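Accompanying notes for the structure given below.
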Amino acid sequence: MSIHSEECIIRIDQVSKSFGAFQAVRQVSLDIEKGSFTTLLGPSGCGKTTLMRLIAGFYEPDAGQIFIEGSRVNGKPAFKRNTPLVFQEYALFPHMTVFDNIAYGLKLRKTERTVIRRKVEEMLDMFGLRGMESRLPKELSGGQQQRVAFARALVIGQNILLMDEPLSNLDAKMRVEVRSELRELQQRTGVTAIFVTHDQDEALSLSDRIAVFQQGLVRQIGTPWDIYFKPNSRFVADFVGTANFLHGTVAGLEEGDIIVRCHKQLFRVAGNGGSFRTGDQVTLVIRPECIAVSQPSSDVGISFNAWSGDIVRSSFLGHMIRYGVSADSFEWTVDDSSPSLRGYLQGKVGMSVDKRSIHILPAEAKEAQDEQGDRAIS
Amino acid sequence: MSIHSEECIIRIDQVSKSFGAFQAVRQVSLDIEKGSFTTLLGPSGCGKTTLMRLIAGFYEPDAGQIFIEGSRVNGKPAFKRNTPLVFQEYALFPHMTVFDNIAYGLKLRKTERTVIRRKVEEMLDMFGLRGMESRLPKELSGGQQQRVAFARALVIGQNILLMDEPLSNLDAKMRVEVRSELRELQQRTGVTAIFVTHDQDEALSLSDRIAVFQQGLVRQIGTPWDIYFKPNSRFVADFVGTANFLHGTVAGLEEGDIIVRCHKQLFRVAGNGGSFRTGDQVTLVIRPECIAVSQPSSDVGISFNAWSGDIVRSSFLGHMIRYGVSADSFEWTVDDSSPSLRGYLQGKVGMSVDKRSIHILPAEAKEAQDEQGDRAIS
Amino acid sequence: GCGSSGSGGKAPASAEPAGATQSPAAKPETPAASKKLVVYAAMNEDDIIQIQKKFKEDTGIDIEYLRLSGPGEASTRIQAEKASPKADIMIGGSSEFYDPLGQQGLLEKYTSPNAKEIDSQFNDPNGYWQGWYMGVLGIVLNTDRFKKELEPKGVKEPKTWDDLLDPNYKGQFITSNPATAGGAYIFAADQLFRLGEEKGWDYLKKLHGNVHHYTQGAVDGINLTATGEFVAGMSWAHDIVKSAKQGYPIKVIVPEQTAFEIGGSAVVKGGPNADNAKKFIDWLLTKPVGEMNTKLSNRYSVRKDVEPPAGMIKIEDVKLVNYDRVKASEMKAEVVKKFTDMIGAK
Amino acid sequence: MISSLSEAWEDLKRIKNEPALAVVLAAAAIVTLYFVIWPVLKVVSLPRLSDYWTLFTNSRWTDAFLHSMFMTAISTLSCTAIAFAFAYALTRLNVPLKGLFRFVTILPIVSPPFIVALSYILLFGRQGIVTKQILHLNTDIYGWHGLWLVQTITFFPYAFTVLYGVMRTGSVSLEYAAYNLGASRWQVFKDIVLPLSKPGLAGGALIAAMNVLADFGNPIIIAGNYTLLPTEAYMQMSGLYNLPMAAALSTALLVPALCLFMLNRYWVGRRSYVTVTGKETSLPHYPVPLYVKWGLFSFCLLVSLFVLTVYGVLFYGAFTKVWGYDWSFTLKNMYYVFDKRREMINSINYAVASALAASLLSLPLAYAVQRKRIGVNRILDFIALLPGAVPGVFLGLGFAMAFNEPPLAFTGTSAIMIVALMFWNLPVCYSSNLAGLQQIGTSLEEASYNLGAGSFGTFRHILLPLLRGPFLSGMVMSFLRSVTCLSVIIFLYSAKTSVGTISILGLVQNGAWGSASALTGALIIIAFAILGAAFLTLKRRGHSMEL
Ligand SMILES: Nc1ncnc2c1ncn2[C@@H]1O[C@H](COP(=O)(O)OP(=O)(O)OP(=O)(O)O)[C@@H](O)[C@H]1O
Ligand SMILES: Nc1ncnc2c1ncn2[C@@H]1O[C@H](COP(=O)(O)OP(=O)(O)OP(=O)(O)O)[C@@H](O)[C@H]1O
Ligand SMILES: [Mg+2]
Ligand SMILES: [Mg+2]
């Protein structure tokens, strides 16, 4: 999993960290390319912050090594690492003005006063904080505080920027706005960014690469596209979006496609060179927006990739309506992304899915057992 | 704006509240039906919490009246109002166990011990908190704490439940899960719910009615559908979702449709009985998911509701790709909701929109001036 | 008094403090039947207990006493309580403390018939207080350190105030400050009376060279000498004897031409048991009481027919300076100021 | 300004809804006003104008004033520094002997009169056991430097209590933020830790300063020729029978005390130092270099040994034939302990009652000042702290004068002893509870109202349990200092209400130092035993006793 590249600015090699008996980070390896935007994504408590702190030098790894710009930094104290971090809770110095907060890192580097002033002012402009330089943090709104935190980390002009859920305190609307600003900023400055979040939208829209974490382990590393459409496990598929999971058995191989039987229904899945054999237990992953839904429908019966069901619940999300559709004792989650014209669908509907939109996974050991427990709404 | 109904359990009548010179709530009127789920939606600092606290009795209104279950409650102290509130920050009593936290309201009501035990146990079951009754709040995860806060407010069995951003501390994945649980719970218990949020997805998916706030004013009250597709102002349209705003002039009326000229382009908009006249300044609102995008495209030139442009940015969100498409010096935001098959679009694309998917608003005074400033990405 | 109201308010005196304050002057005389007396005693606990016992034997009157740690405290209390006096008698401490109380009208003028038997210098010319014992100033000497450190140098035990000027005492002598301690002022005045104005100041200045520091209270130096911090000090002879009895290696020396204080006693104006108070003063001046007190407190009685305290020279042998109390109090402010300037100029 | 007025109005309206609460708050305020202002006024109004005039003309007193200021300034600095070191070590460092250090920050609060000061001389005087016999130094403890040492040790625990509370809740993530930006340990300390401890430093310094300013027990023995206002005042009264002058001198103390108070409120009031966001991070404290860790540890150990030695001598003295001279063992001093049973019991009773009363009264006061804007907060705030600024003797004297006449005359009773001690302790309990209240978010209270509890219910069920820590620590401090208090009650005790310290004073005056220390030792042991027993019973009832 560790790609050795000339361009690799941070290398994490088999790093582990425990708190008491609890393993927060387990043998994580990760290579971060220069100038890239890498996101650590995972549920609360999976060890993202811990890994971040290992990089920044707040913790020492129990095992493994960390390299920054080619040199091993194990044992190097935090204040010598030059890995500015934007804290989840901002951690602005409450007794310093906005100006002093931003200037602090430069002052520590004994920068000349005029240079400090110039650089800080650049930052103030960049983040739209002009006129607020002499306010105290408590006199700023949440969004402004967050920008000061960014400015404070960026101003010292390092190659690396670590961000630990920096957007989680903003309101939903603002979060989306800041996202694009952030990506632009990173591309403009060319800084290597590592970003922590538990919000899949954020991760998908921002990153060059995503590392999905679960309980201290890296489950998958890849581009947003791969992570979303080609998850290597049920956990990843579930965490980066909503999905329908169907447990089934390979019934045959046909023209490079795989025929899978789930309950009474047959699915044709584009093979993509996967090595499945007849009789294999598999899990099908179908994203709700990949299912086309239509009404009124003639009962299509049991056929390849098309079936019908009854709408049992619906939830309006503006840009789409999410339906729960019951078919054959399984509740499908289906998104209708053009509700404005059709309005709410009701009663019996027909559903179909393109064979290329079905992702196939080998069944995980545990899954095979609790097949019954499969639920669509994740 | 105030609907007088037999079924109205809370009536807010021209209520205002200032802090010093700052008007946090301005002449708000709002009627809440029994058993309904009403959401107060608005950006940070718009006065949502203040209104909630006015209802709960933590503040007294400067002007106006509040009625709860038919009787005027102005001046009635908070502890006599029976309006349990779920606090944004939970506000669990740190020195009490889960059981004692939930039982607190019942104890104050001098409920019998056996009854208390029974009711609290019901709550523990309902919220999946069994086995945790003797833990202290600090020994719970965020999600569990949040459920205790719900249980504590619900157990006293009032008809009203106030919730101030109760989900904002959960991680993104969990927030979606809890949403549906919450809606179910409200329907099961028949409680009248008032919910505060700044997250439009939450508001749209949960509510019977939404009141959109801006700077202490109610801008619009209506069903999620109306709020999303028939916003009465640019602010509402923008806040409850992403939209393209086009400033234009009514060029003519044709078969009940309105022809609008925006720059060099003409749009045909379904009239819906709106009273616009030729020459009126208007704003068109087009949701990004309502625009169909196709590639490769023949240049369609300037025609009704179809045009072409160049993709200048794209952002992958899993279930869709959001494009920035530049056409005629305007950047359109367009969502492609079936990326799995097409992959990323690039270069020149054609766009079209159904006339029924365009919403028309009279131009707001300010807007007419800064037409140039119109930007698509909101 | 404090004692009486503390006993649950049963005593008649405390039953009507409000009435008493409204018209203190018109306070009705306590019925002669009263068998009680409230005493503020600035003296040793054991001493006052003996007085209590003996007074009861002799007169049948119960003394309710409150032991106070000093006359300053007693006089402060009496001043604080002037709205409704709690005490009948104040006893103990130097007569200087009684003068201002008398001037403020807080004491009852009373001259006992027994006062005739006593040297007139012990009776208040104004009639407010009555002297009943006498304390003299002395030198406290730490014999251990003296033997170890000074004797080998050929220094003899001091016999006179002048002996203290020996440079061997430099930094080893401790005394108290006339600005804060009554005894210290008497000492200073003693020197001025003894040697005359000019030589007196000369003496004080020279002595100052040997003084390590001036303590705030007159008795503070005794402990410091007793525990060996200093070799010698100046304080009240009877207080020195008290410490010596604890087993410390100190002895008291009463030098020639020493000065003395008059132990006072007085009737508090408006006290609850005025008649008994007068009886008490009369009783106090009798010979047996004088003998008892001398034995207990190591102080000289004002009665010539009482033996001197054990371990101290006879009063006839004590060469008292000719101490002019009126002049002493007149020149006090000036002396203290000059003294303060002198030690400040060091 | 207008908004605060309107808020005050709103609070008044709300209080009107709860007459019982209004009555309690008003009663607490009025009682405090009456029992603090009236006695103080009595003292202040005693001197004539000419007495006040001499304060300016008499060089001895202008000197004393300057000395007092100087001593207060340097002792406050050193008290706060030591308190900071201890608070830092106890909250940040993983060092052994924390229990001992904690004990050492409590022990000096029991400060029996005279004996401790004389213990210092015995140990560190010119012939001191430590200085002369062990170290062979020719030091001289008398004077400002010796006094500085003694005052530092005696009063640093007061600063410690406040600082400890604040530093415990300090935000670690801010420190990490600074390290992350490249700040070295020293820079983080200087730029972040220190400034953010400001409220603690200010509060601790204020309490320490007021105590040093008003103390006369130590200076009277240690100060030598160094004159200070409280000792001058005391000697004017006890040595020179000039009560008005004494009152004038102690009134002069009120001026710097008032300045200190205003300085403190101004310094802390302007900026926000709230670091408690409710979102706790799990970051451990950033490791300090070993030399700092063990350096601080050694420093604390040294101070601890120092304190323990001083108190050790005191205790050991109880079993010696002649205190300070003949160190051979004896039990004869114990006789006095049994002899003074009644006084000891009085001591304990009054201490318990007054500590309880003071902490109970301080609660509604702190609540009114912190939570209800009823217009008089600033004044109430100052009045609750005022008794800490007058020397105990004068508080006692004020009580003796004020409550010996109508409308309220109860001198000579046990009640006046308790009430006087109670108000003397009020500032300690009050500041502790105030700090505690400031840390409890208002939303908890609102949650309780919202669930149907009135102000009383909320106070009882929510605030009181959450305030347990500060409440208990205030109470414990009050109890300990009351047990060994002499100054306040010296003009108030009567034959039946005499206490242990009065007996100690009597013994000291007799030169019976051995017996005096036996009595003191017994008093201290009983006090700690009672504390221990109370803690154990509370613990058994399942309450954690975090002080
Ligand atoms: N100092 C610590 N002591 C003990 N356990 C810890 C400590 N720090 C973290 N943990 C545990 O390690 C796990 C990983 O914590 P971490 O903060 O890295 O999670 P995270 O992925 O950042 O979660 P979140 O999204 O909630 O911030 C958690 O289960 C946490 O309880
Ligand atoms: N006690 C107060 N004193 C002064 N201003 C206040 C006070 N409480 C609220 N405000 C102001 O009133 C406005 C509305 O506050 P409110 O808390 O109701 O906002 P909100 O809509 O709940 O915002 P958020 O989503 O951030 O919680 C804000 O601008 C806030 O600064
Ligand atoms: Mg984290
Ligand atoms: Mg809010």
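Here's how to read the names in the structure tokens: chain A, B, ... by the order shown, residue numbers from 1 in each chain, ligand numbers from 1 in the order shown.
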
Please provide the set of residues having any atom within 8 Å of Gln257 in chain C, restricted to only C-alpha atoms, with same-chain residues fewer than 2 positions apart removed, written as a CSV table (one decimal) with N, CA, C and O atoms, in the first residue's frame.
chain,number,residue,atom,x,y,z
C,160,THR,N,23.8,47.3,86.7
C,160,THR,CA,23.2,48.6,86.5
C,160,THR,C,22.8,48.7,85.0
C,160,THR,O,23.2,47.9,84.2
C,190,ASP,N,12.8,56.7,82.5
C,190,ASP,CA,13.6,56.3,83.6
C,190,ASP,C,15.1,56.9,83.4
C,190,ASP,O,15.7,57.5,84.2
C,194,ARG,N,16.9,59.6,85.4
C,194,ARG,CA,18.1,59.2,86.1
C,194,ARG,C,19.3,60.0,85.8
C,194,ARG,O,20.0,60.4,86.7
C,255,PRO,N,18.1,46.1,88.2
C,255,PRO,CA,19.2,47.0,88.4
C,255,PRO,C,18.9,48.2,89.3
C,255,PRO,O,17.7,48.5,89.6
C,259,ALA,N,12.8,51.7,87.1
C,259,ALA,CA,11.5,52.4,87.2
C,259,ALA,C,10.4,51.4,87.5
C,259,ALA,O,10.7,50.2,87.4
C,318,VAL,N,15.6,47.8,96.4
C,318,VAL,CA,15.4,48.3,95.0
C,318,VAL,C,15.6,49.8,95.1
C,318,VAL,O,14.9,50.5,95.8
C,319,LYS,N,16.6,50.3,94.3
C,319,LYS,CA,16.8,51.7,94.3
C,319,LYS,C,15.9,52.3,93.1
C,319,LYS,O,16.3,52.2,92.0
C,320,LEU,N,14.8,52.8,93.5
C,320,LEU,CA,13.9,53.3,92.5
C,320,LEU,C,14.3,54.7,92.0
C,320,LEU,O,14.8,55.5,92.9
C,321,VAL,N,14.2,54.9,90.8
C,321,VAL,CA,14.5,56.3,90.3
C,321,VAL,C,13.4,57.2,90.8
C,321,VAL,O,12.3,56.7,91.1

*Return the neighbours of chain D among the residues of chain B, cut-off 8 Å, counting only C-alpha atoms, as a list in words.*
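The contacting residues on chain B are Phe19, Gly20, Ala21, Ala56, Phe58, Glu60, Gly75, Pro77, Ala78, Phe79, Lys80, Arg81, Asn82, Thr83, Pro84, Leu85, Phe87, Ala91, Leu92, Phe93, Pro94, His95, Tyr104, Gly105, Leu108, Arg109 and Ala153 of chain B.
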
*Write out as number ranges by chain all residues of range 136-362 of chain B that DSSP puts in strand (DSSP E) for this structure's backbone.*
B: 160-164, 192-197, 209-214, 217-222, 244-254, 257-262, 265-270, 281-286, 291-294, 306-316, 321-327, 330-336, 348-353, 358-362

*Up to 6 Å from chain D, what residues of chain C turn up? Count only C-alpha atoms and give them as a VMD selection string.*
chain C and resid 2 to 3 6 66 72 to 73 80 97 180 to 182 213 to 214 227 229 243

Write the residues you've just listed into a file as a short mmCIF file (atom, residue, chain, number, x, y, z; two decimals), in the first residue's frame, and include N, CA and C atoms for each of them.
data_model
loop_
_atom_site.label_atom_id
_atom_site.label_comp_id
_atom_site.auth_asym_id
_atom_site.auth_seq_id
_atom_site.Cartn_x
_atom_site.Cartn_y
_atom_site.Cartn_z
N CYS C 2 -19.96 40.39 80.01
CA CYS C 2 -19.83 39.34 79.03
C CYS C 2 -20.22 38.02 79.65
N GLY C 3 -19.72 37.85 80.87
CA GLY C 3 -20.00 36.60 81.54
C GLY C 3 -21.46 36.47 81.84
N GLY C 6 -23.71 35.80 78.98
CA GLY C 6 -23.42 34.51 78.41
C GLY C 6 -24.12 33.39 79.15
N LEU C 66 -13.44 37.74 83.68
CA LEU C 66 -13.04 37.48 82.31
C LEU C 66 -11.56 37.81 82.23
N GLY C 72 -4.50 46.71 77.73
CA GLY C 72 -4.96 47.37 76.51
C GLY C 72 -6.26 46.75 76.05
N GLU C 73 -6.27 45.43 76.12
CA GLU C 73 -7.46 44.71 75.71
C GLU C 73 -8.63 45.03 76.63
N ALA C 80 -15.35 49.84 74.11
CA ALA C 80 -16.30 49.33 73.14
C ALA C 80 -17.68 49.14 73.75
N PHE C 97 -3.01 52.99 81.77
CA PHE C 97 -4.18 52.58 80.99
C PHE C 97 -5.46 53.14 81.59
N THR C 180 5.56 51.85 70.99
CA THR C 180 4.51 50.83 70.97
C THR C 180 4.32 50.13 72.31
N ALA C 181 5.28 50.14 73.16
CA ALA C 181 5.18 49.40 74.42
C ALA C 181 5.23 50.36 75.61
N GLY C 182 4.28 50.20 76.50
CA GLY C 182 4.23 51.06 77.68
C GLY C 182 5.50 50.94 78.52
N HIS C 213 17.04 44.65 67.91
CA HIS C 213 15.87 45.36 67.42
C HIS C 213 14.91 45.63 68.57
N TYR C 214 14.01 46.55 68.31
CA TYR C 214 13.01 46.91 69.32
C TYR C 214 11.74 46.14 69.04
N THR C 227 14.91 31.46 74.70
CA THR C 227 15.28 30.41 73.76
C THR C 227 16.67 30.63 73.18
N GLU C 229 17.99 33.28 71.49
CA GLU C 229 18.23 34.14 70.35
C GLU C 229 19.10 35.32 70.74
N SER C 243 8.79 33.34 83.22
CA SER C 243 9.45 32.51 82.23
C SER C 243 10.54 31.65 82.86
#

*Apply DSSP to the backbone of this structure and, from range 161-284 of chain D, keep only the residues in alpha helix (DSSP H); write these as a ChimeraX atom specification.*
/D:161-168,172-180,185-188,194-196,198-214,217-222,229-238,243-269

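For ligand 2, the neighbouring polymer residues at 7 Å or closer are B:Phe19, B:Gly20, B:Phe22, B:Ala24, B:Gly42, B:Pro43, B:Ser44, B:Gly45, B:Cys46, B:Gly47, B:Lys48, B:Thr49, B:Thr50, B:Leu51, B:Thr197, B:His198, only C-alpha atoms and all ligand atoms being used.
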
Expected file contents, prior selection, N, CA and C atoms, as a PDB file, in the first residue's frame:
ATOM      1  N   PHE B  19     -31.966  42.918  22.017  1.00  0.00           N
ATOM      2  CA  PHE B  19     -30.887  42.943  22.999  1.00  0.00           C
ATOM      3  C   PHE B  19     -30.191  44.274  22.842  1.00  0.00           C
ATOM      4  N   GLY B  20     -30.399  45.151  23.810  1.00  0.00           N
ATOM      5  CA  GLY B  20     -29.859  46.494  23.645  1.00  0.00           C
ATOM      6  C   GLY B  20     -30.475  47.101  22.394  1.00  0.00           C
ATOM      7  N   PHE B  22     -29.954  45.935  19.448  1.00  0.00           N
ATOM      8  CA  PHE B  22     -30.009  44.930  18.401  1.00  0.00           C
ATOM      9  C   PHE B  22     -31.332  44.167  18.434  1.00  0.00           C
ATOM     10  N   ALA B  24     -33.286  41.156  17.719  1.00  0.00           N
ATOM     11  CA  ALA B  24     -33.024  39.757  17.401  1.00  0.00           C
ATOM     12  C   ALA B  24     -34.250  39.102  16.775  1.00  0.00           C
ATOM     13  N   GLY B  42     -32.785  28.983   9.286  1.00  0.00           N
ATOM     14  CA  GLY B  42     -32.176  30.269   8.970  1.00  0.00           C
ATOM     15  C   GLY B  42     -30.697  30.251   9.292  1.00  0.00           C
ATOM     16  N   PRO B  43     -29.982  31.217   8.754  1.00  0.00           N
ATOM     17  CA  PRO B  43     -28.535  31.232   9.000  1.00  0.00           C
ATOM     18  C   PRO B  43     -28.224  31.538  10.458  1.00  0.00           C
ATOM     19  N   SER B  44     -26.990  31.336  10.818  1.00  0.00           N
ATOM     20  CA  SER B  44     -26.544  31.600  12.179  1.00  0.00           C
ATOM     21  C   SER B  44     -26.826  33.044  12.565  1.00  0.00           C
ATOM     22  N   GLY B  45     -27.366  33.233  13.762  1.00  0.00           N
ATOM     23  CA  GLY B  45     -27.577  34.593  14.253  1.00  0.00           C
ATOM     24  C   GLY B  45     -28.859  35.243  13.793  1.00  0.00           C
ATOM     25  N   CYS B  46     -29.772  34.485  13.177  1.00  0.00           N
ATOM     26  CA  CYS B  46     -30.968  35.115  12.644  1.00  0.00           C
ATOM     27  C   CYS B  46     -32.082  35.193  13.673  1.00  0.00           C
ATOM     28  N   GLY B  47     -31.896  34.625  14.853  1.00  0.00           N
ATOM     29  CA  GLY B  47     -32.906  34.770  15.902  1.00  0.00           C
ATOM     30  C   GLY B  47     -33.724  33.522  16.176  1.00  0.00           C
ATOM     31  N   LYS B  48     -33.319  32.395  15.631  1.00  0.00           N
ATOM     32  CA  LYS B  48     -34.070  31.163  15.840  1.00  0.00           C
ATOM     33  C   LYS B  48     -34.088  30.773  17.311  1.00  0.00           C
ATOM     34  N   THR B  49     -32.893  30.740  17.893  1.00  0.00           N
ATOM     35  CA  THR B  49     -32.812  30.355  19.297  1.00  0.00           C
ATOM     36  C   THR B  49     -33.578  31.340  20.169  1.00  0.00           C
ATOM     37  N   THR B  50     -33.478  32.611  19.821  1.00  0.00           N
ATOM     38  CA  THR B  50     -34.177  33.611  20.611  1.00  0.00           C
ATOM     39  C   THR B  50     -35.680  33.347  20.610  1.00  0.00           C
ATOM     40  N   LEU B  51     -36.234  33.024  19.454  1.00  0.00           N
ATOM     41  CA  LEU B  51     -37.667  32.749  19.388  1.00  0.00           C
ATOM     42  C   LEU B  51     -38.009  31.524  20.234  1.00  0.00           C
ATOM     43  N   THR B 197     -33.015  24.600  13.047  1.00  0.00           N
ATOM     44  CA  THR B 197     -31.826  24.109  12.355  1.00  0.00           C
ATOM     45  C   THR B 197     -31.327  25.143  11.365  1.00  0.00           C
ATOM     46  N   HIS B 198     -30.078  25.011  10.961  1.00  0.00           N
ATOM     47  CA  HIS B 198     -29.602  25.825   9.854  1.00  0.00           C
ATOM     48  C   HIS B 198     -29.237  24.926   8.675  1.00  0.00           C
TER      49      HIS B 198
END

Each residue of chain B lying at most 8 Å from chain A should get a row with its shortest atom-to-atom pair and the distance in Å to one decimal, counting only C-alpha atoms; could you produce that, ordered by chain and increasing number, as CSV?
residue,atom,partner,partner_atom,distance
B:Pro43,CA,A:Asp171,CA,7.1
B:Ser44,CA,A:Asp171,CA,6.7
B:Asp171,CA,A:His198,CA,6.2
B:Ala172,CA,A:Asp199,CA,5.1
B:Lys173,CA,A:Asp199,CA,7.1
B:Glu177,CA,A:Ser378,CA,7.2
B:His198,CA,A:Asp171,CA,6.1
B:Asp199,CA,A:Ala172,CA,5.0
B:Gln200,CA,A:Ala172,CA,7.4
B:Asp201,CA,A:Leu317,CA,5.5
B:Glu202,CA,A:Leu317,CA,8.0
B:Leu204,CA,A:Leu317,CA,5.4
B:Ser205,CA,A:Phe316,CA,5.0
B:Leu206,CA,A:Ser315,CA,7.7
B:Pro224,CA,A:Phe316,CA,7.5
B:Trp225,CA,A:Gly318,CA,7.2
B:Tyr228,CA,A:Gly318,CA,5.9
B:Phe229,CA,A:Ser340,CA,7.2
B:Phe239,CA,A:Lys173,CA,7.1
B:Val240,CA,A:Gly318,CA,7.9
B:Gly241,CA,A:Gly318,CA,7.1
B:Arg287,CA,A:His319,CA,7.8
B:Glu289,CA,A:His319,CA,6.3
B:Cys290,CA,A:Ser338,CA,6.6
B:Ser315,CA,A:Ser205,CA,5.3
B:Phe316,CA,A:Ser205,CA,5.0
B:Leu317,CA,A:Ser205,CA,5.3
B:Gly318,CA,A:Tyr228,CA,5.9
B:His319,CA,A:Glu289,CA,6.3
B:Ser337,CA,A:Ser337,CA,6.7
B:Ser338,CA,A:Cys290,CA,6.6
B:Ser340,CA,A:Ser357,CA,6.3
B:Leu341,CA,A:Ser357,CA,6.8
B:Arg356,CA,A:Leu341,CA,7.0
B:Ser357,CA,A:Ser340,CA,6.3
B:Ser378,CA,A:Glu177,CA,7.1

*Non-local contacts of Leu167 in chain B (8 Å; only C-alpha atoms; under 5 positions in same chain excluded) as a list of chain:residue names*: B:Gln88, B:Gln146, B:Arg175, B:Val178

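Among the candidates A:Ile102, A:Ile156, A:Val196, A:Ile32, the residue lying nearest to ligand 1 is A:Val196 (atoms considered: only C-alpha atoms and all ligand atoms).
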
*Do you know which residues are at most 10 Å from Arg277 in chain B counting only C-alpha atoms, after dropping those on the same chain fewer than 2 positions away, and could you put them as a PyMOL selection string?*
chain B and resi 249-253+258+274-275+279-281

*Name the closest residue to ligand 3 among the candidates A:Phe37, A:Phe150, A:Phe267, A:Phe213; distances are taken between atoms, counting only C-alpha atoms and all ligand atoms.*
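Distance minimum relative to ligand 3 lands on A:Phe213.
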
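Counting from CA of Val155 in chain A, the distance to CA of Ile194 in chain A is 16.8 Å.
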
_From A:Ala103, A:Asp31, A:Gln65, A:Pro166, residue lying nearest ligand 3 [only C-alpha atoms and all ligand atoms]_ = A:Pro166

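Between CA of Ile311 in chain B and CA of Cys262 in chain B the interatomic distance comes to 20.4 Å.
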
_Set the distance at 10 Å and use only C-alpha atoms: which residues neighbour Val15 in chain B once local chain neighbours fewer than 4 positions away are removed? I'd like the list as a list of chain:residue names._
B:Val25, B:Arg26, B:Gln27, B:Val28, B:Ser29, B:Leu30, B:Leu51, B:Leu54, B:Glu60, B:Pro61, B:Asp62, B:Ala63, B:Gly64, B:Gln65, B:Ile66

_Neighbouring residues of Gln145 in chain B were defined as those with any atom within 10 Å, considering only C-alpha atoms; residues of the same chain fewer than 3 positions away were excluded. Please report them as a list in words._
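Here the qualifying residues turn out to be Glu89, Tyr90, Ala91, Leu92, Val98, Leu129, Leu136, Pro137, Lys138, Glu139, Leu140, Ser141, Gly142, Val148, Ala149, Phe150 and Ala151 of chain B.
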
*asked:* For range 48-51 of chain C, find every residue with an atom within 8 Å (counting only C-alpha atoms), except residues of its own chain fewer than 3 positions away, and show them as a ChimeraX atom specification.
replied: /C:41,43-45,54-55,65,67,289

*Check the smallest atom-to-atom distance from each of A:Ser352, A:Ser326, A:Gln214, A:Ser308 to ligand 1 using only C-alpha atoms and all ligand atoms, then report the winner.*
A:Gln214

*Rounded to one decimal place, report the CA of His67 in chain D-CA of Phe216 in chain D distance in Å.*
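Result for CA of His67 in chain D versus CA of Phe216 in chain D: 12.9 Å, one decimal.
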